[in-house]
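Source file: coords39.cif. Holds: mmCIF, C-alpha atoms and all ligand atoms.
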```cif
data_entry
loop_
_atom_site.group_PDB
_atom_site.id
_atom_site.type_symbol
_atom_site.label_atom_id
_atom_site.label_comp_id
_atom_site.auth_asym_id
_atom_site.auth_seq_id
_atom_site.Cartn_x
_atom_site.Cartn_y
_atom_site.Cartn_z
ATOM 1 C CA MET A 1 -25.427 10.879 9.738
ATOM 2 C CA ASP A 2 -22.619 13.423 9.420
ATOM 3 C CA PHE A 3 -19.778 12.728 6.943
ATOM 4 C CA SER A 4 -16.838 11.325 8.948
ATOM 5 C CA GLU A 5 -13.274 10.229 8.256
ATOM 6 C CA LYS A 6 -14.129 6.711 9.427
ATOM 7 C CA ASP A 7 -17.150 6.297 7.147
ATOM 8 C CA SER A 8 -16.138 8.469 4.166
ATOM 9 C CA VAL A 9 -15.477 5.532 1.813
ATOM 10 C CA ASP A 10 -18.776 3.806 2.612
ATOM 11 C CA ALA A 11 -20.741 7.042 2.195
ATOM 12 C CA VAL A 12 -19.266 7.777 -1.215
ATOM 13 C CA LEU A 13 -19.450 4.175 -2.434
ATOM 14 C CA ALA A 14 -23.144 4.075 -1.498
ATOM 15 C CA SER A 15 -23.734 7.048 -3.804
ATOM 16 C CA PHE A 16 -22.331 4.992 -6.714
ATOM 17 C CA ALA A 17 -24.158 1.775 -5.806
ATOM 18 C CA ASP A 18 -26.548 1.886 -8.773
ATOM 19 C CA THR A 19 -23.849 2.200 -11.452
ATOM 20 C CA PRO A 20 -25.159 -0.187 -14.148
ATOM 21 C CA ASP A 21 -21.844 -0.955 -15.879
ATOM 22 C CA PRO A 22 -20.016 -3.451 -13.605
ATOM 23 C CA ARG A 23 -16.549 -2.474 -14.843
ATOM 24 C CA LEU A 24 -17.230 1.239 -14.311
ATOM 25 C CA HIS A 25 -18.509 0.375 -10.836
ATOM 26 C CA GLU A 26 -15.311 -1.558 -10.071
ATOM 27 C CA VAL A 27 -13.089 1.264 -11.347
ATOM 28 C CA ILE A 28 -14.933 3.932 -9.340
ATOM 29 C CA GLU A 29 -14.871 1.818 -6.211
ATOM 30 C CA GLY A 30 -11.104 1.343 -6.503
ATOM 31 C CA LEU A 31 -10.616 5.039 -7.186
ATOM 32 C CA VAL A 32 -12.655 6.098 -4.157
ATOM 33 C CA ARG A 33 -10.923 3.620 -1.834
ATOM 34 C CA HIS A 34 -7.423 4.618 -2.963
ATOM 35 C CA LEU A 35 -8.132 8.355 -3.126
ATOM 36 C CA HIS A 36 -9.555 8.403 0.387
ATOM 37 C CA GLY A 37 -6.705 6.188 1.596
ATOM 38 C CA PHE A 38 -4.190 8.584 0.047
ATOM 39 C CA LEU A 39 -5.856 11.562 1.736
ATOM 40 C CA ARG A 40 -5.947 9.807 5.111
ATOM 41 C CA ASP A 41 -2.217 8.959 4.736
ATOM 42 C CA VAL A 42 -1.015 12.326 3.530
ATOM 43 C CA ARG A 43 -3.514 14.465 5.471
ATOM 44 C CA PRO A 44 -3.261 17.538 3.209
ATOM 45 C CA SER A 45 -4.287 20.932 4.555
ATOM 46 C CA LEU A 46 -7.080 22.635 2.649
ATOM 47 C CA ALA A 47 -4.468 24.961 1.101
ATOM 48 C CA GLU A 48 -2.395 21.979 -0.068
ATOM 49 C CA TRP A 49 -5.482 20.323 -1.560
ATOM 50 C CA GLU A 50 -6.266 23.521 -3.463
ATOM 51 C CA GLN A 51 -2.669 23.516 -4.709
ATOM 52 C CA GLY A 52 -3.188 19.967 -5.940
ATOM 53 C CA ILE A 53 -6.384 20.956 -7.759
ATOM 54 C CA GLU A 54 -4.568 23.939 -9.294
ATOM 55 C CA PHE A 55 -1.813 21.598 -10.493
ATOM 56 C CA LEU A 56 -4.320 19.304 -12.225
ATOM 57 C CA THR A 57 -6.142 22.334 -13.648
ATOM 58 C CA ALA A 58 -2.855 23.641 -15.050
ATOM 59 C CA ILE A 59 -2.204 20.262 -16.660
ATOM 60 C CA GLY A 60 -5.587 20.430 -18.405
ATOM 61 C CA GLN A 61 -5.043 24.027 -19.474
ATOM 62 C CA LYS A 62 -1.666 23.170 -20.990
ATOM 63 C CA CYS A 63 -3.229 20.572 -23.311
ATOM 64 C CA ASP A 64 -4.068 21.462 -26.893
ATOM 65 C CA GLU A 65 -4.049 19.831 -30.309
ATOM 66 C CA HIS A 66 -0.267 19.324 -30.205
ATOM 67 C CA ARG A 67 0.426 19.225 -26.475
ATOM 68 C CA GLN A 68 -0.632 16.346 -24.241
ATOM 69 C CA GLU A 69 0.332 17.322 -20.691
ATOM 70 C CA PHE A 70 -1.878 14.636 -19.121
ATOM 71 C CA ILE A 71 -0.028 11.899 -21.019
ATOM 72 C CA LEU A 72 3.223 13.472 -19.847
ATOM 73 C CA PHE A 73 2.009 13.428 -16.231
ATOM 74 C CA SER A 74 1.000 9.762 -16.553
ATOM 75 C CA ASP A 75 4.433 9.038 -18.095
ATOM 76 C CA VAL A 76 6.603 10.704 -15.428
ATOM 77 C CA MET A 77 4.579 9.033 -12.669
ATOM 78 C CA GLY A 78 5.330 5.619 -14.199
ATOM 79 C CA ALA A 79 1.587 5.059 -14.686
ATOM 80 C CA SER A 80 1.818 4.734 -18.477
ATOM 81 C CA MET A 81 4.533 2.090 -18.184
ATOM 82 C CA LEU A 82 2.650 0.168 -15.475
ATOM 83 C CA VAL A 83 -0.476 0.006 -17.648
ATOM 84 C CA GLU A 84 1.648 -0.950 -20.681
ATOM 85 C CA THR A 85 3.357 -3.702 -18.726
ATOM 86 C CA MET A 86 0.092 -5.142 -17.399
ATOM 87 C CA GLU A 87 -1.469 -5.008 -20.871
ATOM 88 C CA ALA A 88 1.510 -6.852 -22.356
ATOM 89 C CA GLU A 89 1.196 -9.565 -19.701
ATOM 90 C CA ARG A 90 -2.470 -9.987 -20.658
ATOM 91 C CA GLN A 91 -1.952 -10.111 -24.396
ATOM 92 C CA ALA A 92 1.270 -10.753 -26.083
ATOM 93 C CA GLN A 93 3.940 -12.826 -24.369
ATOM 94 C CA ASP A 94 5.647 -13.863 -27.619
ATOM 95 C CA ALA A 95 5.401 -10.485 -29.294
ATOM 96 C CA THR A 96 7.845 -7.591 -29.510
ATOM 97 C CA ALA A 97 7.863 -5.720 -26.199
ATOM 98 C CA SER A 98 5.635 -2.679 -26.062
ATOM 99 C CA THR A 99 6.436 0.649 -24.466
ATOM 100 C CA VAL A 100 4.821 4.065 -23.984
ATOM 101 C CA LEU A 101 3.037 5.910 -26.781
ATOM 102 C CA GLY A 102 4.184 9.293 -25.450
ATOM 103 C CA PRO A 103 2.572 12.634 -26.232
ATOM 104 C CA PHE A 104 3.988 13.243 -29.727
ATOM 105 C CA HIS A 105 1.842 10.939 -31.839
ATOM 106 C CA VAL A 106 -0.314 13.961 -32.585
ATOM 107 C CA VAL A 107 0.259 14.387 -36.318
ATOM 108 C CA THR A 108 -0.839 11.789 -38.866
ATOM 109 C CA SER A 109 2.314 10.309 -40.336
ATOM 110 C CA PRO A 110 2.674 10.916 -44.080
ATOM 111 C CA GLU A 111 2.305 7.778 -46.165
ATOM 112 C CA ARG A 112 5.741 6.948 -47.593
ATOM 113 C CA ALA A 113 7.150 4.307 -49.926
ATOM 114 C CA LEU A 114 9.613 1.705 -48.654
ATOM 115 C CA GLY A 115 13.093 3.175 -48.798
ATOM 116 C CA ASP A 116 11.915 6.784 -48.502
ATOM 117 C CA SER A 117 13.433 9.096 -45.947
ATOM 118 C CA VAL A 118 11.399 10.391 -43.020
ATOM 119 C CA ASP A 119 13.852 13.281 -42.745
ATOM 120 C CA SER A 120 13.613 16.284 -45.038
ATOM 121 C CA LEU A 121 16.274 18.475 -43.428
ATOM 122 C CA GLY A 122 19.442 16.466 -44.020
ATOM 123 C CA THR A 123 21.246 17.910 -41.017
ATOM 124 C CA GLY A 124 21.573 14.714 -38.974
ATOM 125 C CA GLU A 125 23.651 11.579 -39.364
ATOM 126 C CA PRO A 126 21.986 9.445 -42.072
ATOM 127 C CA CYS A 127 20.810 5.987 -41.158
ATOM 128 C CA LEU A 128 18.915 3.054 -42.572
ATOM 129 C CA ILE A 129 16.337 1.286 -40.414
ATOM 130 C CA GLU A 130 15.173 -2.062 -41.695
ATOM 131 C CA GLY A 131 13.390 -5.115 -40.431
ATOM 132 C CA SER A 132 10.576 -7.568 -40.839
ATOM 133 C CA VAL A 133 7.128 -8.126 -39.375
ATOM 134 C CA ALA A 134 6.259 -11.711 -38.490
ATOM 135 C CA ALA A 135 4.057 -13.899 -36.294
ATOM 136 C CA PRO A 136 5.674 -15.728 -33.349
ATOM 137 C CA ASP A 137 6.132 -18.860 -35.519
ATOM 138 C CA GLY A 138 8.137 -16.822 -38.030
ATOM 139 C CA THR A 139 5.384 -16.495 -40.650
ATOM 140 C CA ARG A 140 5.953 -13.137 -42.317
ATOM 141 C CA ILE A 141 3.081 -10.635 -42.424
ATOM 142 C CA PRO A 142 2.930 -8.934 -45.856
ATOM 143 C CA GLY A 143 1.216 -5.545 -45.903
ATOM 144 C CA ALA A 144 1.739 -4.831 -42.182
ATOM 145 C CA ARG A 145 1.568 -1.106 -41.442
ATOM 146 C CA ILE A 146 4.548 0.517 -39.776
ATOM 147 C CA ASP A 147 4.000 3.995 -38.347
ATOM 148 C CA VAL A 148 7.199 5.690 -37.166
ATOM 149 C CA TRP A 149 7.995 9.015 -35.550
ATOM 150 C CA GLN A 150 11.159 10.376 -34.032
ATOM 151 C CA ALA A 151 13.015 13.428 -32.794
ATOM 152 C CA ASP A 152 15.817 14.922 -34.889
ATOM 153 C CA GLU A 153 19.527 15.166 -34.134
ATOM 154 C CA GLN A 154 18.809 18.173 -31.900
ATOM 155 C CA GLY A 155 16.323 16.127 -29.901
ATOM 156 C CA SER A 156 13.109 17.802 -31.017
ATOM 157 C CA TYR A 157 9.958 16.602 -32.747
ATOM 158 C CA ASP A 158 8.403 18.513 -35.649
ATOM 159 C CA VAL A 159 5.517 19.781 -33.472
ATOM 160 C CA GLU A 160 7.828 21.355 -30.896
ATOM 161 C CA SER A 161 10.480 22.729 -33.239
ATOM 162 C CA GLY A 162 8.859 26.163 -33.606
ATOM 163 C CA GLY A 163 8.639 25.766 -37.392
ATOM 164 C CA ARG A 164 12.275 24.660 -37.849
ATOM 165 C CA GLN A 165 10.946 21.292 -39.074
ATOM 166 C CA PRO A 166 7.891 21.033 -41.333
ATOM 167 C CA LEU A 167 5.004 19.054 -39.823
ATOM 168 C CA GLY A 168 5.459 15.404 -40.783
ATOM 169 C CA ASN A 169 9.247 15.575 -40.562
ATOM 170 C CA GLY A 170 10.593 12.564 -38.710
ATOM 171 C CA ARG A 171 7.357 10.672 -39.391
ATOM 172 C CA GLY A 172 6.321 8.047 -41.896
ATOM 173 C CA LEU A 173 3.672 5.413 -42.484
ATOM 174 C CA PHE A 174 5.077 2.424 -44.375
ATOM 175 C CA THR A 175 3.535 -0.762 -45.732
ATOM 176 C CA ALA A 176 5.603 -3.935 -45.483
ATOM 177 C CA ASP A 177 6.352 -5.686 -48.785
ATOM 178 C CA ASP A 178 5.137 -9.151 -49.860
ATOM 179 C CA GLU A 179 7.687 -10.773 -47.561
ATOM 180 C CA GLY A 180 6.762 -8.633 -44.561
ATOM 181 C CA ARG A 181 9.934 -6.537 -44.878
ATOM 182 C CA PHE A 182 10.291 -2.799 -44.351
ATOM 183 C CA TRP A 183 13.130 -0.326 -44.682
ATOM 184 C CA PHE A 184 13.416 3.429 -44.613
ATOM 185 C CA ARG A 185 16.007 6.150 -44.349
ATOM 186 C CA SER A 186 16.246 8.538 -41.441
ATOM 187 C CA ILE A 187 18.772 10.262 -39.235
ATOM 188 C CA VAL A 188 20.081 8.977 -35.935
ATOM 189 C CA PRO A 189 17.885 10.645 -33.315
ATOM 190 C CA ALA A 190 19.344 12.342 -30.234
ATOM 191 C CA HIS A 191 18.338 11.993 -26.585
ATOM 192 C CA TYR A 192 16.053 14.820 -25.526
ATOM 193 C CA PRO A 193 14.223 16.382 -22.599
ATOM 194 C CA ILE A 194 10.487 15.842 -22.363
ATOM 195 C CA PRO A 195 8.659 19.208 -22.458
ATOM 196 C CA THR A 196 9.414 21.104 -19.251
ATOM 197 C CA ASP A 197 7.606 24.398 -19.872
ATOM 198 C CA GLY A 198 4.413 23.230 -18.152
ATOM 199 C CA PRO A 199 3.273 21.917 -14.779
ATOM 200 C CA VAL A 200 4.968 18.531 -15.308
ATOM 201 C CA GLY A 201 8.285 20.339 -15.824
ATOM 202 C CA ALA A 202 7.644 22.289 -12.594
ATOM 203 C CA LEU A 203 7.043 18.976 -10.805
ATOM 204 C CA LEU A 204 10.341 17.549 -12.102
ATOM 205 C CA ARG A 205 12.250 20.657 -10.987
ATOM 206 C CA ALA A 206 10.618 20.671 -7.550
ATOM 207 C CA THR A 207 11.593 17.013 -7.074
ATOM 208 C CA ARG A 208 15.100 17.364 -8.560
ATOM 209 C CA ARG A 209 14.398 14.904 -11.375
ATOM 210 C CA HIS A 210 16.028 15.217 -14.796
ATOM 211 C CA PRO A 211 13.695 15.339 -17.832
ATOM 212 C CA TYR A 212 15.727 13.315 -20.350
ATOM 213 C CA ARG A 213 14.812 10.355 -22.517
ATOM 214 C CA PRO A 214 17.417 8.209 -24.283
ATOM 215 C CA ALA A 215 17.537 8.432 -28.098
ATOM 216 C CA HIS A 216 14.811 6.345 -29.754
ATOM 217 C CA VAL A 217 12.495 5.896 -32.729
ATOM 218 C CA HIS A 218 8.796 5.247 -32.077
ATOM 219 C CA PHE A 219 6.887 2.485 -33.862
ATOM 220 C CA ILE A 220 3.273 1.370 -34.055
ATOM 221 C CA VAL A 221 3.085 -1.844 -36.056
ATOM 222 C CA GLU A 222 -0.274 -3.340 -36.990
ATOM 223 C CA ALA A 223 -1.828 -5.884 -39.329
ATOM 224 C CA PRO A 224 -5.343 -7.317 -39.608
ATOM 225 C CA GLY A 225 -5.799 -10.319 -37.295
ATOM 226 C CA TYR A 226 -2.876 -9.355 -35.013
ATOM 227 C CA VAL A 227 -2.541 -7.371 -31.791
ATOM 228 C CA PRO A 228 -0.913 -4.036 -32.699
ATOM 229 C CA VAL A 229 2.309 -3.139 -30.904
ATOM 230 C CA THR A 230 3.307 0.353 -29.788
ATOM 231 C CA THR A 231 7.004 0.419 -29.118
ATOM 232 C CA HIS A 232 10.403 2.111 -29.588
ATOM 233 C CA VAL A 233 13.829 1.208 -30.879
ATOM 234 C CA PHE A 234 16.444 2.671 -28.546
ATOM 235 C CA VAL A 235 19.880 3.690 -29.796
ATOM 236 C CA GLU A 236 22.537 1.565 -28.089
ATOM 237 C CA GLY A 237 25.007 3.687 -26.161
ATOM 238 C CA SER A 238 22.654 6.630 -25.808
ATOM 239 C CA GLU A 239 22.781 8.624 -22.610
ATOM 240 C CA TYR A 240 19.870 8.053 -20.216
ATOM 241 C CA LEU A 241 19.220 4.418 -21.155
ATOM 242 C CA ASP A 242 19.540 3.748 -17.419
ATOM 243 C CA SER A 243 17.435 6.643 -16.198
ATOM 244 C CA ASP A 244 14.687 7.351 -18.724
ATOM 245 C CA ALA A 245 12.425 10.095 -17.305
ATOM 246 C CA VAL A 246 9.382 7.996 -18.237
ATOM 247 C CA PHE A 247 10.715 4.509 -17.279
ATOM 248 C CA ALA A 248 10.125 3.166 -20.805
ATOM 249 C CA VAL A 249 13.397 1.376 -21.656
ATOM 250 C CA LYS A 250 13.269 -2.376 -22.242
ATOM 251 C CA GLN A 251 16.585 -4.044 -23.002
ATOM 252 C CA SER A 252 15.034 -6.118 -25.816
ATOM 253 C CA LEU A 253 14.357 -2.867 -27.698
ATOM 254 C CA VAL A 254 17.924 -1.507 -27.675
ATOM 255 C CA ARG A 255 19.649 -1.746 -31.066
ATOM 256 C CA ASP A 256 23.141 -1.075 -32.356
ATOM 257 C CA PHE A 257 22.990 1.746 -34.921
ATOM 258 C CA ALA A 258 26.223 0.412 -36.361
ATOM 259 C CA THR A 259 28.391 2.297 -38.830
ATOM 260 C CA VAL A 260 28.369 0.485 -42.181
ATOM 261 C CA ASP A 261 31.067 1.065 -44.775
ATOM 262 C CA ASP A 262 29.529 -0.366 -47.957
ATOM 263 C CA ALA A 263 29.544 1.860 -51.030
ATOM 264 C CA GLU A 264 27.257 -0.437 -53.031
ATOM 265 C CA ALA A 265 24.588 -0.601 -50.279
ATOM 266 C CA ALA A 266 24.888 3.156 -49.691
ATOM 267 C CA ALA A 267 24.305 3.859 -53.404
ATOM 268 C CA ARG A 268 21.387 1.416 -53.544
ATOM 269 C CA HIS A 269 19.652 3.177 -50.646
ATOM 270 C CA GLY A 270 20.592 6.724 -51.652
ATOM 271 C CA LEU A 271 22.766 7.190 -48.583
ATOM 272 C CA PRO A 272 26.268 8.586 -48.196
ATOM 273 C CA ASN A 273 28.971 6.054 -47.397
ATOM 274 C CA PRO A 274 29.569 5.215 -44.588
ATOM 275 C CA PHE A 275 26.135 5.296 -42.971
ATOM 276 C CA ARG A 276 24.478 4.005 -39.797
ATOM 277 C CA ARG A 277 22.165 1.035 -39.856
ATOM 278 C CA ALA A 278 19.763 -0.593 -37.365
ATOM 279 C CA GLN A 279 17.791 -3.797 -37.707
ATOM 280 C CA PHE A 280 14.418 -4.123 -35.961
ATOM 281 C CA ASP A 281 12.425 -7.324 -36.516
ATOM 282 C CA VAL A 282 8.914 -7.058 -35.118
ATOM 283 C CA VAL A 283 6.809 -9.968 -33.876
ATOM 284 C CA LEU A 284 3.033 -9.551 -33.616
ATOM 285 C CA GLN A 285 0.754 -11.806 -31.589
ATOM 286 C CA PRO A 286 -2.271 -13.226 -33.454
ATOM 287 C CA ALA A 287 -5.443 -11.609 -32.069
ATOM 288 C CA GLY A 288 -7.421 -13.776 -29.656
ATOM 289 C CA SER A 289 -4.540 -16.206 -28.997
HETATM 290 C C1 LIG B 1 8.284 10.408 -26.318
HETATM 291 O O1 LIG B 1 9.076 9.508 -26.401
HETATM 292 O O2 LIG B 1 7.962 10.991 -27.328
HETATM 293 C C2 LIG B 1 7.802 10.799 -24.976
HETATM 294 C C3 LIG B 1 7.316 9.828 -24.137
HETATM 295 C C4 LIG B 1 6.876 10.194 -22.886
HETATM 296 C C5 LIG B 1 6.920 11.510 -22.486
HETATM 297 C C6 LIG B 1 7.430 12.485 -23.345
HETATM 298 C C7 LIG B 1 7.894 12.121 -24.599
HETATM 299 FE FE FE B 2 9.945 10.121 -28.201
#
```
Can you turn what I pasted into structure tokens?
Amino acid sequence: MDFSEKDSVDAVLASFADTPDPRLHEVIEGLVRHLHGFLRDVRPSLAEWEQGIEFLTAIGQKCDEHRQEFILFSDVMGASMLVETMEAERQAQDATASTVLGPFHVVTSPERALGDSVDSLGTGEPCLIEGSVAAPDGTRIPGARIDVWQADEQGSYDVESGGRQPLGNGRGLFTADDEGRFWFRSIVPAHYPIPTDGPVGALLRATRRHPYRPAHVHFIVEAPGYVPVTTHVFVEGSEYLDSDAVFAVKQSLVRDFATVDDAEAAARHGLPNPFRRAQFDVVLQPAGS
């Protein structure tokens, strides 16, 4: 029988009928049904379909060790946040809200001692970020690992700064103390545009979308026996909190980076007085609960 628009889904699904892994079979079936449905809705010309393939090819070609254009595509389409949101519903109702990983977790964060600074340039506004890691019942989690990465006051990450920042700047891997507490010095990050020099940037321009993300610090917090959380702390008052290019803002993650005038605390932390300070207490869900 000839391939037809009416029977296209059945013909392709039949070719996958012997897929042994049931989950893979389910995923492929959904993909075929939705892809064919999309094509029947949109009815692209052959030239438009080739353009689409070229776009995806360009996304792949833009990827390298430090550039993750596919993650960026998933992010601007809201797909990353939809998957994040569904995962959180499955796993961790009582835990700190999760949000997108983003494409910049591409350098291993240097191990740092509590109280160290993740910033080696000293050009931004100094701040202290401190908090605790605990289970939903309040039990502290000593030794939890806290991986952080952030843009600088100009809104760029080390890997995209063209050498202005050394690799590892703005990043740190900390271990919570015996009471599950952590603290480190940094600078207040700025809002920034996601990378726009690739096909995803071309898509944003063609659709008149802005590329900005509100100011934030990324966190991955993990501990044995708990579900890890990938999240951000957003800087209260930052531009773009209401229109994040990747839809990743959750109100429960917005924190006041308040100005603190306390000479004793500043001296204790090796900060100038006054300084900015944010508190971020993290709750992890026990695994399997
Ligand atoms: C980020 O926050 O690093 C990020 C997230 C999504 C897309 C681009 C950047
Ligand atoms: Fe970021």
Query - Straight-line distance linking CA of Arg145 in chain A with CA of Leu284 in chain A, stated in Å to one decimal - result: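 One can read the CA of Arg145 in chain A to CA of Leu284 in chain A distance as 11.6 Å.
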Query - Environment of ligand FE 2 (chain B) within 8 Å, counting only C-alpha atoms and all ligand atoms, reported as a ChimeraX atom specification - result: /A:102,104,149-151,157,213,215-218
**Report entry** Nearby residues (all atoms listed in the file) at most 8 Å from Pro274 in chain A, same-chain spacing under 5 positions excluded, as a list of chain:residue names
**Finding:**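 Surrounding residues, per the criterion: A:Thr259, A:Val260, A:Asp261, A:Asp262, A:Ala263, A:Ala266.
Considering the residues A:Trp183, A:Tyr240, A:Pro199, A:Val148 and counting only C-alpha atoms, Ile220 in chain A has its shortest atom-to-atom contact with A:Val148.
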Requested in this report: Kindly provide, as a PyMOL selection string, all nucleotide and amino acid residues lying within 7 Å of ligand LIG 1 (chain B), counting all atoms listed in the file.
Outcome: chain A and resi 72+75+100-104+194-195+213+246
Query - Distance query range 110-113 of chain A at most 9 Å, only C-alpha atoms, self and fewer than 6 positions along chain excluded, as a list in words - result: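 Final neighbour list, sorted by chain and number: Asp147, Gly168, Asn169, Arg171, Gly172, Leu173, Phe174, Thr175 and Phe184 of chain A.
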The selected residues should be written to file as an mmCIF file, in the frame of the given file (atoms: C-alpha atoms).
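File written: selection03.cif
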```
data_model
loop_
_atom_site.group_PDB
_atom_site.id
_atom_site.type_symbol
_atom_site.label_atom_id
_atom_site.label_comp_id
_atom_site.auth_asym_id
_atom_site.auth_seq_id
_atom_site.Cartn_x
_atom_site.Cartn_y
_atom_site.Cartn_z
ATOM 1 C CA ASP A 147 4.000 3.995 -38.347
ATOM 2 C CA GLY A 168 5.459 15.404 -40.783
ATOM 3 C CA ASN A 169 9.247 15.575 -40.562
ATOM 4 C CA ARG A 171 7.357 10.672 -39.391
ATOM 5 C CA GLY A 172 6.321 8.047 -41.896
ATOM 6 C CA LEU A 173 3.672 5.413 -42.484
ATOM 7 C CA PHE A 174 5.077 2.424 -44.375
ATOM 8 C CA THR A 175 3.535 -0.762 -45.732
ATOM 9 C CA PHE A 184 13.416 3.429 -44.613
#
```
Query raised in the report: In Å to one decimal, how far is CA of Val107 in chain A from CA of Leu204 in chain A?
Result: 26.4 Å
How would range 23-36 of chain A look with N, CA, C and O atoms restored, written as a JSON list (two decimals), keeping the file's coordinate frame?
```json
[["chain", "number", "residue", "atom", "x", "y", "z"],
["A", 23, "ARG", "N", -17.97, -2.87, -14.80],
["A", 23, "ARG", "CA", -16.55, -2.47, -14.84],
["A", 23, "ARG", "C", -16.38, -1.03, -14.35],
["A", 23, "ARG", "O", -15.46, -0.73, -13.59],
["A", 24, "LEU", "N", -17.30, -0.15, -14.78],
["A", 24, "LEU", "CA", -17.23, 1.24, -14.31],
["A", 24, "LEU", "C", -17.39, 1.26, -12.79],
["A", 24, "LEU", "O", -16.67, 1.99, -12.09],
["A", 25, "HIS", "N", -18.29, 0.43, -12.29],
["A", 25, "HIS", "CA", -18.51, 0.38, -10.84],
["A", 25, "HIS", "C", -17.23, -0.04, -10.12],
["A", 25, "HIS", "O", -16.82, 0.55, -9.12],
["A", 26, "GLU", "N", -16.56, -1.06, -10.68],
["A", 26, "GLU", "CA", -15.31, -1.56, -10.07],
["A", 26, "GLU", "C", -14.22, -0.48, -10.08],
["A", 26, "GLU", "O", -13.50, -0.29, -9.10],
["A", 27, "VAL", "N", -14.13, 0.23, -11.21],
["A", 27, "VAL", "CA", -13.09, 1.26, -11.35],
["A", 27, "VAL", "C", -13.35, 2.39, -10.35],
["A", 27, "VAL", "O", -12.44, 2.86, -9.64],
["A", 28, "ILE", "N", -14.61, 2.82, -10.26],
["A", 28, "ILE", "CA", -14.93, 3.93, -9.34],
["A", 28, "ILE", "C", -14.70, 3.50, -7.90],
["A", 28, "ILE", "O", -14.17, 4.28, -7.09],
["A", 29, "GLU", "N", -15.06, 2.28, -7.58],
["A", 29, "GLU", "CA", -14.87, 1.82, -6.21],
["A", 29, "GLU", "C", -13.38, 1.84, -5.84],
["A", 29, "GLU", "O", -12.99, 2.34, -4.79],
["A", 30, "GLY", "N", -12.55, 1.33, -6.76],
["A", 30, "GLY", "CA", -11.10, 1.34, -6.50],
["A", 30, "GLY", "C", -10.59, 2.77, -6.36],
["A", 30, "GLY", "O", -9.77, 3.06, -5.47],
["A", 31, "LEU", "N", -11.07, 3.64, -7.23],
["A", 31, "LEU", "CA", -10.62, 5.04, -7.19],
["A", 31, "LEU", "C", -10.99, 5.68, -5.86],
["A", 31, "LEU", "O", -10.15, 6.34, -5.21],
["A", 32, "VAL", "N", -12.21, 5.48, -5.42],
["A", 32, "VAL", "CA", -12.66, 6.10, -4.16],
["A", 32, "VAL", "C", -11.84, 5.54, -2.99],
["A", 32, "VAL", "O", -11.33, 6.30, -2.16],
["A", 33, "ARG", "N", -11.68, 4.22, -2.94],
["A", 33, "ARG", "CA", -10.92, 3.62, -1.83],
["A", 33, "ARG", "C", -9.49, 4.15, -1.79],
["A", 33, "ARG", "O", -8.99, 4.54, -0.74],
["A", 34, "HIS", "N", -8.83, 4.19, -2.96],
["A", 34, "HIS", "CA", -7.42, 4.62, -2.96],
["A", 34, "HIS", "C", -7.28, 6.12, -2.75],
["A", 34, "HIS", "O", -6.36, 6.56, -2.07],
["A", 35, "LEU", "N", -8.20, 6.89, -3.31],
["A", 35, "LEU", "CA", -8.13, 8.36, -3.13],
["A", 35, "LEU", "C", -8.33, 8.71, -1.65],
["A", 35, "LEU", "O", -7.57, 9.51, -1.09],
["A", 36, "HIS", "N", -9.33, 8.09, -1.03],
["A", 36, "HIS", "CA", -9.56, 8.40, 0.39],
["A", 36, "HIS", "C", -8.40, 7.89, 1.24],
["A", 36, "HIS", "O", -7.99, 8.55, 2.20]]
```
